[in-house]
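**Student:** Before we start, here is the structure in question, set down as structure tokens.
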Amino acid sequence: MCGIVGYVGPNEATEFLLEGLRRLEYRGYDSSGVATLHKGDLMITKTAGRIDNLAAALRKYPAPGTVGLGHTRWATHGPATDENAHPHIGGERVLALVHNGVIDNFRVLKTKLSELGYKFSTATDTEVVAQLLDYELQQCLALQDPEQRISEPYEVLVQAMQAMLSQLRGTYGFAVIFRDYPDVILAARLSSPLVIGIGNGEHFIASDQTPLAGRADKIVFLADHEVAVVTANSIRVVSRDLGDVPHDVKLIEVDDTQVGLDGFPHYMLKEIFEQPETVRNAMRGRFDHDQATAVFGGLNLSAQQLRAVDRFVLTACGTSWHAGLVGEYMLEAFARVPVEVEYASELRYRNPPLSTNTLLFAITQSGETIDTLAAMREVKRKGHPALSICNVVGSTIARESDGGIYLHAGPEIGVASTKAFTSQCVVLALLALYFGRLRHLSYEAGLRVIDELEALPEQVEQALTTNSDIRRIAAKYAGCDNFLYLGRQYNFPAALEGALKLKEISYIHAEGYPAAEMKHGPIALVDENTPSVFIVPRGGVYEKVLANMEEIKARGGPVIAIVNPGDEDAAEIADDVIHVPAVADFVQPIVTAIPLQLLAYHIAVLRGCDVDKPRNLAKSVTVE
């Protein structure tokens with residue numbers, strides 16, 4: 001979940017390192033630091049808190065050098081202090097190392113190193129790795145032929161790195177610079193992403209593509225168990241057995257225009273307002289009107305294989321899990337195939353009975369979520385095909401899945417997911433249409449589904465016009481400390497997602513429930529200071545939800561209702577109403593998600609919260 005950047009080239013490193021860390025701050029922002037090489041010494045600057053603290057420290061004490069590393073931390077071992085911030089030093093200032101991940105056996109290694117005379121000054125697992133690497137480097141140097149040290153100066157670094165990595169248990173993305181090798185960075189990964197950006201006589205290292213926008217046109221994705229040796233003019237990738245590995249060079253998928261605020265005060269608000277376009281992009285080129293179905297280019301399974309599927313398992317975490325629940329309703333309604341939605345963190349440790357024709361979909365924005373990746377790998381290990389629904393091209397899950405569908409939503413920088421959720425729901429609707437047409441869904445029904453989906457971008461645009469009304473409603477309820485979110489059928493997952501958004505960015509306790517379940521316990525929470533947000537567009541259970549609203553009002557609870565225009569019945573019950581366009585039931589969660597996102601956003605702003613960097617959270621969860 002931490003962010004890593006690195007630079008080697010002819011220019012001062014800290015300019016890129018600071019800019020890159022700001023772009024990666026959504027991955028962690030407890031503390032940050034940089035290390036550069038200058039005049040034969042390591043220059044280390046580390047501060048607790050946001051990147052601005054680090055920038056201020058560097059203005060006071062500059063860190064010159066044309067080789068350097070940067071890190072922004074999401075704390076796992078030890079609190080967010082200057083000492084625990086990365087980079088960490090190995091040996092007598094021999095090397096500096098940054099790390100994303102968790103080393104499970106660091107205590108055993110720390111004991112071993114302590115017995116060898118190594119001292120530790122932090123509570124982190126990463127310092128143990130840095131000291132272990134120094135130990136292995138000293139061992140390798142002692143055995144190295146002096147002539148080889150001249151002819152192959154980096155070979156000893158690779159040998160030491162592989163010796164160190166072979167002792168680790170856990171996950172990692174590492175980047176390392178060495179005092180006595182001032183023109184090289186070593187990088188390695190296992191279940192934690194690292195990419196190498198290719199510039200003009202310079203190379204960059206980062207946790208994802210975002211810091212590279214505007215700096216590099218091409219990138220190399222590092223794979224698990226690979227070590228990269230990176231200089232200003234070369235990239236060498238080495239396998240566990242010390243053999244060279246060919247590396248594919250890809251075009252970067254992110255540009256400068258996608259990582260700016262474009263006049264918005266926060267990335268979250270910008271990304272909410274991007275949804276008409278991102279919904280459109282998720283559908284672009286994926287309709288076959290002649291066959292009344294959806295088309296995909298990357299499923300990599302034949303129509304015959306897909307028609308044989310008799311069970312779907314959708315696995316995800318957080319917001320992506322809520323999108324999976326929406327997909328469950330869609331797939332079962334259109335394709336008439338059983339669907340299970342599994343938390344990836346649970347699925348990876350379970351042994352559920354899976355039929356021969358079970359198909360897994362891993363749903364993820366980043367493509368790097370460690371639990372989702374592990375669950376997908378476990379299902380694949382048992383011989384089942386695993387496809388992905390993913391936003392990040394070249395991510396680990398996208399590369400390791402048997403096939404998949406990209407969201408094409410562009411970088412999502414706000415920690416609370418918005419546009420990825422609606423794009424995931426759109427892609428799942430396309431899948432439901434596709435599998436429905438493979439089975440029993442009629443041609444006319446397929447065309448109706450296409451018509452509903454093609455109208456979505458304009459309907460999302462209409463939902464965004466509620467922004468000013470929602471700001472007013474938010475001001476009315478921003479002081480409340482508990483919320484209930486209630487919906488039925490397709491809008492039950494929307495209620496869960498609305499509650500999660502409020503929790504994530506405003507720190508208000510909120511719970512989502514099926515509206516009918518409110519009577520079975522949650523109604524005990526209702527009082528005049530606990531608003532209930534009802535998602536109640538017209539549909540098959542409309543009258544039932546109105547009755548649930550009446551039950552809340554009878555007990556003095558305030559009601560905020562998301563309704564269709566002209567709904568006087570709901571307006572008569574509710575204290576406040578938000579109008580969204582009337583749409584078919586299967587796309588209601590996409591439209592109703594908009595006011596739920598805006599409500600959470602405005603309440604958080606009114607409470608003085610940092611909506612793009614909520615406390616304790618990070619965007620990409622790459623540690624268990």
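By order in the structure tokens, chains are A, B, ...; within a chain, residues start at 1; ligands start at 1, following the order shown.
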Determine which residues of stretch 181-298 of chain A receive a DSSP assignment of helix (DSSP H, G or I), computed from the backbone, and state them as JSON, numbers by chain.

**Tutor:** {"A": [210, 211, 212, 256, 257, 258, 267, 268, 269, 270, 271, 272, 273, 275, 276, 277, 278, 279, 280, 281, 282, 283]}

**Student:** DSSP on the backbone: what in stretch 9-107 of chain A comes out strand (DSSP E), as a count of residues only?

**Tutor:** 35

**Student:** Could you check which of A:Gly403, A:Gly414, A:Lys270, A:Glu550 is closest to A:Glu572, using only C-alpha atoms?

**Tutor:**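 Smallest distance to A:Glu572 is found for A:Glu550.
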
**Student:** Give me, as number ranges by chain, all polymer residues having an atom no more than 7 Å from A:Glu226, counting only C-alpha atoms and skipping those fewer than 4 positions away in the same chain.

**Tutor:** A: 188-189, 222, 237-240

**Student:** Just to be explicit: take each residue in the selection above, keep N, CA and C atoms, and write the result as a PDB file, in the first residue's frame.

**Tutor:**
ATOM      1  N   ALA A 188      13.045  -5.229  -6.919  1.00  0.00           N
ATOM      2  CA  ALA A 188      12.536  -6.597  -6.885  1.00  0.00           C
ATOM      3  C   ALA A 188      11.104  -6.565  -6.390  1.00  0.00           C
ATOM      4  N   ARG A 189      10.323  -7.582  -6.784  1.00  0.00           N
ATOM      5  CA  ARG A 189       8.935  -7.605  -6.337  1.00  0.00           C
ATOM      6  C   ARG A 189       8.431  -9.031  -6.145  1.00  0.00           C
ATOM      7  N   LEU A 222       7.647  -5.262 -13.942  1.00  0.00           N
ATOM      8  CA  LEU A 222       8.450  -6.280 -13.270  1.00  0.00           C
ATOM      9  C   LEU A 222       7.523  -7.375 -12.755  1.00  0.00           C
ATOM     10  N   VAL A 237      16.960  -7.555 -16.387  1.00  0.00           N
ATOM     11  CA  VAL A 237      16.049  -8.280 -15.502  1.00  0.00           C
ATOM     12  C   VAL A 237      16.587  -9.685 -15.299  1.00  0.00           C
ATOM     13  N   VAL A 238      16.656 -10.099 -14.018  1.00  0.00           N
ATOM     14  CA  VAL A 238      17.292 -11.354 -13.645  1.00  0.00           C
ATOM     15  C   VAL A 238      16.299 -12.220 -12.895  1.00  0.00           C
ATOM     16  N   SER A 239      16.315 -13.509 -13.163  1.00  0.00           N
ATOM     17  CA  SER A 239      15.422 -14.458 -12.500  1.00  0.00           C
ATOM     18  C   SER A 239      16.038 -14.968 -11.205  1.00  0.00           C
ATOM     19  N   ARG A 240      15.289 -15.827 -10.517  1.00  0.00           N
ATOM     20  CA  ARG A 240      15.780 -16.372  -9.244  1.00  0.00           C
ATOM     21  C   ARG A 240      17.056 -17.189  -9.407  1.00  0.00           C
TER      22      ARG A 240
END

**Student:** Fewer than 6 positions away in the same chain doesn't count, so skip those; otherwise give me all residues within 9 Å of A:Val460, counting only C-alpha atoms, as an MDAnalysis selection string.

**Tutor:** chainID A and resid 275:276 279 580:581 590:592 594

**Student:** Store the residues of this selection in a file with N, CA, C and O atoms, as a PDB file, in the first residue's frame.

**Tutor:**
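result_31.pdb was written with the following content:
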ATOM      1  N   GLN A 275     -17.978  10.584 -14.339  1.00  0.00           N
ATOM      2  CA  GLN A 275     -18.680   9.325 -14.559  1.00  0.00           C
ATOM      3  C   GLN A 275     -19.539   9.258 -15.823  1.00  0.00           C
ATOM      4  O   GLN A 275     -19.658   8.175 -16.406  1.00  0.00           O
ATOM      5  N   PRO A 276     -20.120  10.341 -16.310  1.00  0.00           N
ATOM      6  CA  PRO A 276     -20.783  10.190 -17.617  1.00  0.00           C
ATOM      7  C   PRO A 276     -19.834   9.669 -18.694  1.00  0.00           C
ATOM      8  O   PRO A 276     -20.205   8.805 -19.504  1.00  0.00           O
ATOM      9  N   VAL A 279     -18.560   5.890 -17.738  1.00  0.00           N
ATOM     10  CA  VAL A 279     -19.617   4.929 -18.053  1.00  0.00           C
ATOM     11  C   VAL A 279     -19.661   4.694 -19.566  1.00  0.00           C
ATOM     12  O   VAL A 279     -19.784   3.554 -20.033  1.00  0.00           O
ATOM     13  N   VAL A 580     -33.484  11.455  -8.986  1.00  0.00           N
ATOM     14  CA  VAL A 580     -32.636  10.856 -10.015  1.00  0.00           C
ATOM     15  C   VAL A 580     -33.523  10.346 -11.139  1.00  0.00           C
ATOM     16  O   VAL A 580     -34.697  10.044 -10.919  1.00  0.00           O
ATOM     17  N   PRO A 581     -33.008  10.246 -12.359  1.00  0.00           N
ATOM     18  CA  PRO A 581     -33.834   9.798 -13.487  1.00  0.00           C
ATOM     19  C   PRO A 581     -34.402   8.403 -13.264  1.00  0.00           C
ATOM     20  O   PRO A 581     -33.780   7.557 -12.606  1.00  0.00           O
ATOM     21  N   ILE A 590     -26.341   2.202 -10.613  1.00  0.00           N
ATOM     22  CA  ILE A 590     -25.381   3.081 -11.270  1.00  0.00           C
ATOM     23  C   ILE A 590     -25.826   4.527 -11.149  1.00  0.00           C
ATOM     24  O   ILE A 590     -25.020   5.424 -10.891  1.00  0.00           O
ATOM     25  N   VAL A 591     -27.113   4.771 -11.310  1.00  0.00           N
ATOM     26  CA  VAL A 591     -27.644   6.134 -11.233  1.00  0.00           C
ATOM     27  C   VAL A 591     -27.743   6.595  -9.783  1.00  0.00           C
ATOM     28  O   VAL A 591     -27.392   7.732  -9.453  1.00  0.00           O
ATOM     29  N   THR A 592     -28.219   5.734  -8.897  1.00  0.00           N
ATOM     30  CA  THR A 592     -28.383   6.148  -7.493  1.00  0.00           C
ATOM     31  C   THR A 592     -27.047   6.277  -6.768  1.00  0.00           C
ATOM     32  O   THR A 592     -26.963   6.953  -5.735  1.00  0.00           O
ATOM     33  N   ILE A 594     -24.629   8.027  -7.690  1.00  0.00           N
ATOM     34  CA  ILE A 594     -24.140   9.400  -7.843  1.00  0.00           C
ATOM     35  C   ILE A 594     -24.520  10.262  -6.639  1.00  0.00           C
ATOM     36  O   ILE A 594     -23.640  10.868  -6.005  1.00  0.00           O
TER      37      ILE A 594
END

**Student:** Atom CA of A:Ile578 and atom CA of A:Arg538, how far apart in Å?

**Tutor:** 13.5 Å

**Student:** A:Leu143, A:Val313, A:Ala213, A:Leu407: which is nearest A:Leu325, counting only C-alpha atoms?

**Tutor:** A:Val313

**Student:** My list of candidates is A:Pro10, A:Pro493, A:Gly404, A:Gly28. Which is closest to A:Leu299 when distances are computed with only C-alpha atoms?

**Tutor:** A:Gly404

**Student:** Residues near A:Arg286, anyone? I mean within 12 Å using only C-alpha atoms, not counting same-chain ones fewer than 5 positions away, as a list in words.

**Tutor:**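 The residues satisfying every condition are Arg280, Asn281, Gln291, Ala292, Thr293, Ala294, Val295, Phe296, Gly297, Gly298, Ile405, Tyr406, Leu407, Val426, Val427, Ala429, Leu430, Leu431, Leu433, Tyr434, Ile450, Leu453 and Glu454 of chain A.
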
**Student:** Store the residues of this selection in a file with C-alpha atoms, as a PDB file, in the first residue's frame.

**Tutor:**
ATOM      1  CA  ARG A 280     -19.532   5.632 -21.782  1.00  0.00           C
ATOM      2  CA  ASN A 281     -15.954   4.352 -22.037  1.00  0.00           C
ATOM      3  CA  GLN A 291     -27.069  -9.952 -32.423  1.00  0.00           C
ATOM      4  CA  ALA A 292     -28.523  -7.926 -29.516  1.00  0.00           C
ATOM      5  CA  THR A 293     -25.579  -8.834 -27.319  1.00  0.00           C
ATOM      6  CA  ALA A 294     -22.298  -7.597 -25.900  1.00  0.00           C
ATOM      7  CA  VAL A 295     -18.880  -8.313 -27.378  1.00  0.00           C
ATOM      8  CA  PHE A 296     -15.545  -8.643 -25.598  1.00  0.00           C
ATOM      9  CA  GLY A 297     -12.095  -9.007 -27.045  1.00  0.00           C
ATOM     10  CA  GLY A 298     -10.245 -10.462 -24.096  1.00  0.00           C
ATOM     11  CA  ILE A 405     -12.285  -6.885 -19.341  1.00  0.00           C
ATOM     12  CA  TYR A 406     -10.756  -3.462 -18.760  1.00  0.00           C
ATOM     13  CA  LEU A 407     -12.892  -0.662 -17.346  1.00  0.00           C
ATOM     14  CA  VAL A 426     -21.639  -1.360 -16.338  1.00  0.00           C
ATOM     15  CA  VAL A 427     -19.195  -4.123 -17.294  1.00  0.00           C
ATOM     16  CA  ALA A 429     -24.333  -5.561 -16.962  1.00  0.00           C
ATOM     17  CA  LEU A 430     -22.604  -6.215 -20.291  1.00  0.00           C
ATOM     18  CA  LEU A 431     -21.556  -9.643 -19.039  1.00  0.00           C
ATOM     19  CA  LEU A 433     -26.369  -9.434 -21.335  1.00  0.00           C
ATOM     20  CA  TYR A 434     -23.723 -11.574 -23.025  1.00  0.00           C
ATOM     21  CA  ILE A 450     -28.725  -2.289 -24.884  1.00  0.00           C
ATOM     22  CA  LEU A 453     -27.284   0.923 -21.172  1.00  0.00           C
ATOM     23  CA  GLU A 454     -26.759   3.351 -24.039  1.00  0.00           C
TER      24      GLU A 454
END
